[in-house]
>>> print(open('start-v4.cif').read())   # mmCIF, C-alpha atoms, pLDDT in the B column; chains and numbers go by the auth columns
data_data
#
loop_
_atom_site.group_PDB
_atom_site.id
_atom_site.type_symbol
_atom_site.label_atom_id
_atom_site.label_comp_id
_atom_site.label_asym_id
_atom_site.label_seq_id
_atom_site.Cartn_x
_atom_site.Cartn_y
_atom_site.Cartn_z
_atom_site.B_iso_or_equiv
_atom_site.auth_seq_id
_atom_site.auth_asym_id
ATOM 1 C CA MET A 1 0.000 0.000 0.000 45.00 1 A
ATOM 2 C CA SER A 2 1.331 3.435 -0.859 48.00 2 A
ATOM 3 C CA GLU A 3 1.810 6.145 1.725 51.00 3 A
ATOM 4 C CA ASN A 4 -1.090 8.121 0.244 52.00 4 A
ATOM 5 C CA ALA A 5 -3.555 5.253 0.328 54.00 5 A
ATOM 6 C CA THR A 6 -6.016 5.214 3.187 59.00 6 A
ATOM 7 C CA THR A 7 -8.163 2.423 4.425 68.00 7 A
ATOM 8 C CA SER A 8 -11.778 3.066 5.187 77.00 8 A
ATOM 9 C CA VAL A 9 -12.957 1.490 8.392 91.00 9 A
ATOM 10 C CA LYS A 10 -16.701 1.127 8.551 94.00 10 A
ATOM 11 C CA THR A 11 -18.516 2.008 11.728 97.00 11 A
ATOM 12 C CA PRO A 12 -20.363 -1.019 13.074 97.00 12 A
ATOM 13 C CA VAL A 13 -24.093 -0.595 13.656 98.00 13 A
ATOM 14 C CA ASP A 14 -25.635 -3.333 15.764 98.00 14 A
ATOM 15 C CA PHE A 15 -29.303 -3.792 14.929 98.00 15 A
ATOM 16 C CA TRP A 16 -31.575 -6.033 16.988 98.00 16 A
ATOM 17 C CA PHE A 17 -34.857 -7.168 15.443 98.00 17 A
ATOM 18 C CA ASP A 18 -37.860 -9.352 15.955 98.00 18 A
ATOM 19 C CA PRO A 19 -39.349 -10.251 12.557 98.00 19 A
ATOM 20 C CA LEU A 20 -42.843 -9.410 13.835 96.00 20 A
ATOM 21 C CA CYS A 21 -42.109 -5.878 15.018 96.00 21 A
ATOM 22 C CA PRO A 22 -43.324 -3.282 12.509 96.00 22 A
ATOM 23 C CA TRP A 23 -41.242 -0.551 14.175 97.00 23 A
ATOM 24 C CA ALA A 24 -38.033 -2.542 13.874 98.00 24 A
ATOM 25 C CA TRP A 25 -38.971 -3.304 10.271 98.00 25 A
ATOM 26 C CA MET A 26 -39.385 0.369 9.354 98.00 26 A
ATOM 27 C CA THR A 27 -36.185 1.324 11.155 98.00 27 A
ATOM 28 C CA SER A 28 -34.254 -1.487 9.486 98.00 28 A
ATOM 29 C CA ARG A 29 -35.236 -0.219 6.055 98.00 29 A
ATOM 30 C CA TRP A 30 -34.036 3.247 7.046 98.00 30 A
ATOM 31 C CA VAL A 31 -30.670 1.948 8.311 98.00 31 A
ATOM 32 C CA LEU A 32 -30.187 0.085 5.012 98.00 32 A
ATOM 33 C CA GLU A 33 -30.640 3.408 3.218 98.00 33 A
ATOM 34 C CA VAL A 34 -28.080 4.998 5.547 98.00 34 A
ATOM 35 C CA GLU A 35 -25.656 2.180 4.700 97.00 35 A
ATOM 36 C CA LYS A 36 -25.765 3.305 1.057 97.00 36 A
ATOM 37 C CA VAL A 37 -24.443 6.781 1.868 97.00 37 A
ATOM 38 C CA ARG A 38 -22.329 6.297 5.005 96.00 38 A
ATOM 39 C CA ASP A 39 -19.434 4.027 5.921 97.00 39 A
ATOM 40 C CA ILE A 40 -21.397 1.779 8.238 97.00 40 A
ATOM 41 C CA GLU A 41 -21.590 -1.971 8.570 97.00 41 A
ATOM 42 C CA ILE A 42 -24.878 -3.334 9.865 98.00 42 A
ATOM 43 C CA ARG A 43 -24.575 -6.319 12.164 98.00 43 A
ATOM 44 C CA TRP A 44 -27.934 -8.047 12.550 98.00 44 A
ATOM 45 C CA HIS A 45 -28.978 -9.571 15.880 98.00 45 A
ATOM 46 C CA ILE A 46 -32.103 -11.256 17.144 98.00 46 A
ATOM 47 C CA MET A 47 -34.343 -10.034 19.922 98.00 47 A
ATOM 48 C CA SER A 48 -37.771 -11.269 20.914 97.00 48 A
ATOM 49 C CA LEU A 49 -40.995 -9.424 21.666 97.00 49 A
ATOM 50 C CA ALA A 50 -42.138 -12.503 23.585 96.00 50 A
ATOM 51 C CA VAL A 51 -39.045 -12.427 25.801 97.00 51 A
ATOM 52 C CA LEU A 52 -39.236 -8.656 26.182 97.00 52 A
ATOM 53 C CA ASN A 53 -42.806 -8.830 27.466 95.00 53 A
ATOM 54 C CA GLU A 54 -42.862 -12.127 29.357 93.00 54 A
ATOM 55 C CA ASP A 55 -42.598 -10.478 32.796 94.00 55 A
ATOM 56 C CA ARG A 56 -45.493 -8.098 32.134 94.00 56 A
ATOM 57 C CA VAL A 57 -47.804 -10.151 29.963 91.00 57 A
ATOM 58 C CA ASP A 58 -50.726 -9.638 32.394 92.00 58 A
ATOM 59 C CA GLU A 59 -50.494 -5.873 31.854 95.00 59 A
ATOM 60 C CA LEU A 60 -50.824 -6.106 28.079 94.00 60 A
ATOM 61 C CA PRO A 61 -54.007 -5.863 26.012 95.00 61 A
ATOM 62 C CA GLU A 62 -55.592 -9.239 25.319 94.00 62 A
ATOM 63 C CA GLU A 63 -54.975 -9.036 21.562 94.00 63 A
ATOM 64 C CA TYR A 64 -51.252 -8.416 22.108 94.00 64 A
ATOM 65 C CA ARG A 65 -51.048 -11.241 24.683 93.00 65 A
ATOM 66 C CA ASP A 66 -52.659 -13.570 22.153 93.00 66 A
ATOM 67 C CA MET A 67 -50.179 -12.526 19.458 92.00 67 A
ATOM 68 C CA LEU A 68 -47.256 -13.183 21.798 93.00 68 A
ATOM 69 C CA ALA A 69 -48.611 -16.599 22.748 90.00 69 A
ATOM 70 C CA THR A 70 -49.561 -17.795 19.269 92.00 70 A
ATOM 71 C CA LYS A 71 -47.284 -16.038 16.771 95.00 71 A
ATOM 72 C CA ALA A 72 -44.277 -14.327 18.310 95.00 72 A
ATOM 73 C CA TRP A 73 -42.041 -17.317 18.998 97.00 73 A
ATOM 74 C CA LYS A 74 -42.244 -19.058 15.636 97.00 74 A
ATOM 75 C CA PRO A 75 -40.458 -16.681 13.202 98.00 75 A
ATOM 76 C CA VAL A 76 -37.814 -15.636 15.701 98.00 76 A
ATOM 77 C CA ARG A 77 -37.056 -19.276 16.506 98.00 77 A
ATOM 78 C CA VAL A 78 -36.605 -20.026 12.801 98.00 78 A
ATOM 79 C CA ALA A 79 -34.314 -17.001 12.434 98.00 79 A
ATOM 80 C CA THR A 80 -32.315 -18.141 15.461 98.00 80 A
ATOM 81 C CA ALA A 81 -31.965 -21.656 14.062 98.00 81 A
ATOM 82 C CA ALA A 82 -30.804 -20.227 10.717 98.00 82 A
ATOM 83 C CA TRP A 83 -28.226 -18.104 12.549 98.00 83 A
ATOM 84 C CA GLN A 84 -26.986 -21.022 14.644 98.00 84 A
ATOM 85 C CA LYS A 85 -26.770 -23.448 11.732 98.00 85 A
ATOM 86 C CA HIS A 86 -25.627 -21.093 8.947 98.00 86 A
ATOM 87 C CA GLY A 87 -23.930 -18.139 10.627 98.00 87 A
ATOM 88 C CA ALA A 88 -24.743 -14.511 11.340 98.00 88 A
ATOM 89 C CA ASP A 89 -24.396 -13.496 7.679 98.00 89 A
ATOM 90 C CA VAL A 90 -27.787 -15.061 6.906 98.00 90 A
ATOM 91 C CA LEU A 91 -29.659 -12.815 9.345 98.00 91 A
ATOM 92 C CA GLY A 92 -29.835 -9.659 7.224 98.00 92 A
ATOM 93 C CA PRO A 93 -31.106 -11.370 4.067 98.00 93 A
ATOM 94 C CA LEU A 94 -33.482 -13.613 6.032 98.00 94 A
ATOM 95 C CA TYR A 95 -34.875 -10.664 7.977 98.00 95 A
ATOM 96 C CA THR A 96 -35.450 -8.796 4.721 98.00 96 A
ATOM 97 C CA ALA A 97 -37.261 -11.798 3.233 98.00 97 A
ATOM 98 C CA LEU A 98 -39.388 -12.331 6.361 98.00 98 A
ATOM 99 C CA GLY A 99 -40.188 -8.650 6.773 98.00 99 A
ATOM 100 C CA THR A 100 -41.087 -8.206 3.125 98.00 100 A
ATOM 101 C CA ARG A 101 -43.525 -11.089 3.340 98.00 101 A
ATOM 102 C CA PHE A 102 -44.936 -10.175 6.778 98.00 102 A
ATOM 103 C CA HIS A 103 -45.119 -6.403 6.529 97.00 103 A
ATOM 104 C CA ASN A 104 -44.952 -5.337 2.880 98.00 104 A
ATOM 105 C CA ASN A 105 -46.859 -8.186 1.249 98.00 105 A
ATOM 106 C CA GLY A 106 -49.350 -8.641 4.099 97.00 106 A
ATOM 107 C CA GLU A 107 -48.787 -12.380 4.416 97.00 107 A
ATOM 108 C CA GLY A 108 -48.346 -12.156 8.186 95.00 108 A
ATOM 109 C CA PRO A 109 -46.215 -14.527 10.243 96.00 109 A
ATOM 110 C CA THR A 110 -47.643 -17.728 8.792 97.00 110 A
ATOM 111 C CA ARG A 111 -45.728 -20.950 8.392 97.00 111 A
ATOM 112 C CA GLU A 112 -46.076 -20.552 4.632 98.00 112 A
ATOM 113 C CA ALA A 113 -44.595 -17.050 4.720 98.00 113 A
ATOM 114 C CA VAL A 114 -41.657 -18.248 6.834 98.00 114 A
ATOM 115 C CA ALA A 115 -41.076 -21.190 4.472 98.00 115 A
ATOM 116 C CA GLY A 116 -41.247 -18.825 1.504 98.00 116 A
ATOM 117 C CA ALA A 117 -38.712 -16.477 3.089 98.00 117 A
ATOM 118 C CA LEU A 118 -36.317 -19.367 3.678 98.00 118 A
ATOM 119 C CA LYS A 119 -36.664 -20.320 0.031 98.00 119 A
ATOM 120 C CA ASP A 120 -36.196 -16.690 -1.064 98.00 120 A
ATOM 121 C CA VAL A 121 -32.726 -16.605 0.509 98.00 121 A
ATOM 122 C CA GLY A 122 -31.693 -20.163 -0.322 98.00 122 A
ATOM 123 C CA LEU A 123 -31.852 -21.581 3.181 98.00 123 A
ATOM 124 C CA PRO A 124 -32.955 -25.177 3.806 98.00 124 A
ATOM 125 C CA ALA A 125 -36.724 -25.651 3.974 98.00 125 A
ATOM 126 C CA GLU A 126 -36.424 -27.853 7.057 98.00 126 A
ATOM 127 C CA LEU A 127 -35.474 -24.804 9.153 98.00 127 A
ATOM 128 C CA VAL A 128 -39.206 -24.037 9.339 98.00 128 A
ATOM 129 C CA GLU A 129 -39.501 -27.005 11.701 98.00 129 A
ATOM 130 C CA TYR A 130 -37.698 -24.969 14.384 98.00 130 A
ATOM 131 C CA ALA A 131 -40.752 -22.689 14.628 97.00 131 A
ATOM 132 C CA ASP A 132 -42.190 -25.047 17.236 96.00 132 A
ATOM 133 C CA LYS A 133 -38.947 -26.070 18.936 97.00 133 A
ATOM 134 C CA ALA A 134 -37.117 -24.442 21.826 97.00 134 A
ATOM 135 C CA THR A 135 -33.813 -25.888 20.583 98.00 135 A
ATOM 136 C CA TYR A 136 -32.035 -22.528 20.343 98.00 136 A
ATOM 137 C CA ASP A 137 -34.015 -20.520 22.898 98.00 137 A
ATOM 138 C CA THR A 138 -30.907 -20.137 25.078 98.00 138 A
ATOM 139 C CA GLU A 139 -29.072 -18.468 22.192 98.00 139 A
ATOM 140 C CA LEU A 140 -32.137 -16.371 21.354 98.00 140 A
ATOM 141 C CA ARG A 141 -32.405 -15.170 24.947 98.00 141 A
ATOM 142 C CA ALA A 142 -28.664 -14.427 25.085 98.00 142 A
ATOM 143 C CA SER A 143 -28.838 -12.315 21.921 98.00 143 A
ATOM 144 C CA HIS A 144 -31.906 -10.520 23.266 98.00 144 A
ATOM 145 C CA GLN A 145 -30.176 -9.809 26.578 98.00 145 A
ATOM 146 C CA GLU A 146 -27.067 -8.520 24.794 98.00 146 A
ATOM 147 C CA GLY A 147 -29.288 -5.980 23.049 97.00 147 A
ATOM 148 C CA ILE A 148 -30.957 -4.975 26.294 96.00 148 A
ATOM 149 C CA ASP A 149 -27.588 -4.599 28.018 96.00 149 A
#
>>> encode(input="start-v4.cif", output="structure tokens")
Amino acid sequence: MSENATTSVKTPVDFWFDPLCPWAWMTSRWVLEVEKVRDIEIRWHIMSLAVLNEDRVDELPEEYRDMLATKAWKPVRVATAAWQKHGADVLGPLYTALGTRFHNNGEGPTREAVAGALKDVGLPAELVEYADKATYDTELRASHQEGID
């Protein structure tokens, strides 16, 4: 490298998301736009609305409690399994595929939408089976706590 050459070091931006959260989704699209014009590197991490609210579930509206109980764990568990089995680099593309289907296309967090998102990014279809398994909940909770800390 010549004396005049400089190296550009990108500023890391740690972004925690739950695929169901519309606010995280909107913010994630904004930070991707920022990445186009600033020297940042987005590092995607998983958090969980179900974990975040588990100690105050009785205080929440019934509709939100129902969503946490019936829908919140499934997509985030699949994302966690993908991360654990295929590395952190899959999180950004998978989140984009999930969020596009859930939020932009109106498919919601269905099993079919999750399976479609896995296919969209070339991940194995069998990862959808982790939607109903607590296999990687320890890792999910650790990532969530790291974001809280």
>>> closest_residue(input="start-v4.cif", among="A:Trp16, A:Tyr64, A:Trp83, A:Phe102", to="A:Val114", atoms="all atoms listed in the file")
A:Phe102
>>> residues_around(input="start-v4.cif", residues="A:Arg43", least_positions_apart="4", cutoff="8 Å", atoms="only C-alpha atoms", output="list in words")
Pro12, Val13, Asp14, Phe15 and Gly92 of chain A
>>> atom_distance(input="start-v4.cif", atom1="atom CA of A:Ala131", atom2="atom CA of A:Leu60")
23.6 Å
>>> resolve_selection(input="start-v4.cif", expression="the PyMOL selection byres ((chain A and resi 29-40) around 12)", output="VMD selection string")
chain A and resid 7 to 17 22 to 28 41 to 44 92 to 93 95 to 96 99 to 100 103 to 104
>>> resolve_selection(input="start-v4.cif", expression="the PyMOL selection byres ((chain A and resi 115) around 12)", output="PyMOL selection string")
chain A and resi 74-75+78-79+94+97-98+101-102+107+109-114+116-131
>>> resolve_selection(input="start-v4.cif", expression="the PyMOL selection byres ((chain A and resi 135-147) around 7)", output="NGL selection string")
:A and (16 or 45-48 or 80-81 or 133-134 or 148-149)
>>> build_atoms(input="start-v4.cif", residues="stretch 107-130 of chain A", atoms="N, CA, C and O atoms", output="CSV table (one decimal), in the frame of the given file")
chain,number,residue,atom,x,y,z
A,107,GLU,N,-48.6,-10.9,4.2
A,107,GLU,CA,-48.8,-12.4,4.4
A,107,GLU,C,-48.9,-12.7,5.9
A,107,GLU,O,-49.4,-13.8,6.3
A,108,GLY,N,-48.3,-11.9,6.8
A,108,GLY,CA,-48.3,-12.2,8.2
A,108,GLY,C,-47.4,-13.3,8.5
A,108,GLY,O,-46.8,-13.9,7.6
A,109,PRO,N,-47.2,-13.6,9.8
A,109,PRO,CA,-46.2,-14.5,10.2
A,109,PRO,C,-46.7,-16.0,10.1
A,109,PRO,O,-46.7,-16.7,11.1
A,110,THR,N,-47.2,-16.4,9.0
A,110,THR,CA,-47.6,-17.7,8.8
A,110,THR,C,-46.5,-18.7,8.5
A,110,THR,O,-45.4,-18.2,8.1
A,111,ARG,N,-46.7,-19.9,8.7
A,111,ARG,CA,-45.7,-21.0,8.4
A,111,ARG,C,-45.3,-20.9,6.9
A,111,ARG,O,-44.2,-21.0,6.6
A,112,GLU,N,-46.3,-20.6,6.1
A,112,GLU,CA,-46.1,-20.6,4.6
A,112,GLU,C,-45.2,-19.4,4.3
A,112,GLU,O,-44.3,-19.5,3.4
A,113,ALA,N,-45.4,-18.2,5.0
A,113,ALA,CA,-44.6,-17.0,4.7
A,113,ALA,C,-43.2,-17.3,5.2
A,113,ALA,O,-42.2,-16.9,4.5
A,114,VAL,N,-43.0,-17.9,6.3
A,114,VAL,CA,-41.7,-18.2,6.8
A,114,VAL,C,-41.0,-19.2,5.9
A,114,VAL,O,-39.8,-19.0,5.5
A,115,ALA,N,-41.7,-20.2,5.4
A,115,ALA,CA,-41.1,-21.2,4.5
A,115,ALA,C,-40.7,-20.5,3.2
A,115,ALA,O,-39.6,-20.7,2.6
A,116,GLY,N,-41.5,-19.6,2.7
A,116,GLY,CA,-41.2,-18.8,1.5
A,116,GLY,C,-40.0,-17.9,1.7
A,116,GLY,O,-39.2,-17.8,0.7
A,117,ALA,N,-39.9,-17.3,2.8
A,117,ALA,CA,-38.7,-16.5,3.1
A,117,ALA,C,-37.4,-17.3,3.1
A,117,ALA,O,-36.4,-16.9,2.6
A,118,LEU,N,-37.5,-18.5,3.7
A,118,LEU,CA,-36.3,-19.4,3.7
A,118,LEU,C,-35.9,-19.7,2.2
A,118,LEU,O,-34.7,-19.6,1.9
A,119,LYS,N,-36.9,-20.0,1.4
A,119,LYS,CA,-36.7,-20.3,0.0
A,119,LYS,C,-36.1,-19.1,-0.7
A,119,LYS,O,-35.2,-19.2,-1.5
A,120,ASP,N,-36.6,-17.9,-0.4
A,120,ASP,CA,-36.2,-16.7,-1.1
A,120,ASP,C,-34.7,-16.5,-0.9
A,120,ASP,O,-34.1,-15.9,-1.8
A,121,VAL,N,-34.2,-16.9,0.2
A,121,VAL,CA,-32.7,-16.6,0.5
A,121,VAL,C,-31.9,-17.9,0.4
A,121,VAL,O,-30.7,-17.8,0.7
A,122,GLY,N,-32.5,-18.9,-0.1
A,122,GLY,CA,-31.7,-20.2,-0.3
A,122,GLY,C,-31.3,-21.0,0.9
A,122,GLY,O,-30.4,-21.7,0.9
A,123,LEU,N,-32.1,-20.8,2.0
A,123,LEU,CA,-31.9,-21.6,3.2
A,123,LEU,C,-32.7,-22.9,3.1
A,123,LEU,O,-33.7,-22.9,2.5
A,124,PRO,N,-32.2,-23.9,3.8
A,124,PRO,CA,-33.0,-25.2,3.8
A,124,PRO,C,-34.4,-25.1,4.3
A,124,PRO,O,-34.6,-24.4,5.4
A,125,ALA,N,-35.3,-25.7,3.6
A,125,ALA,CA,-36.7,-25.7,4.0
A,125,ALA,C,-37.0,-26.2,5.4
A,125,ALA,O,-37.9,-25.8,6.1
A,126,GLU,N,-36.2,-27.2,5.8
A,126,GLU,CA,-36.4,-27.9,7.1
A,126,GLU,C,-36.2,-26.9,8.3
A,126,GLU,O,-36.6,-27.2,9.4
A,127,LEU,N,-35.6,-25.8,8.0
A,127,LEU,CA,-35.5,-24.8,9.2
A,127,LEU,C,-36.8,-24.4,9.7
A,127,LEU,O,-36.9,-24.0,10.9
A,128,VAL,N,-37.9,-24.4,8.9
A,128,VAL,CA,-39.2,-24.0,9.3
A,128,VAL,C,-39.7,-24.9,10.5
A,128,VAL,O,-40.5,-24.5,11.3
A,129,GLU,N,-39.1,-26.1,10.6
A,129,GLU,CA,-39.5,-27.0,11.7
A,129,GLU,C,-39.1,-26.5,13.1
A,129,GLU,O,-39.7,-26.9,14.1
A,130,TYR,N,-38.1,-25.6,13.1
A,130,TYR,CA,-37.7,-25.0,14.4
A,130,TYR,C,-38.7,-24.0,14.9
A,130,TYR,O,-38.6,-23.5,16.1
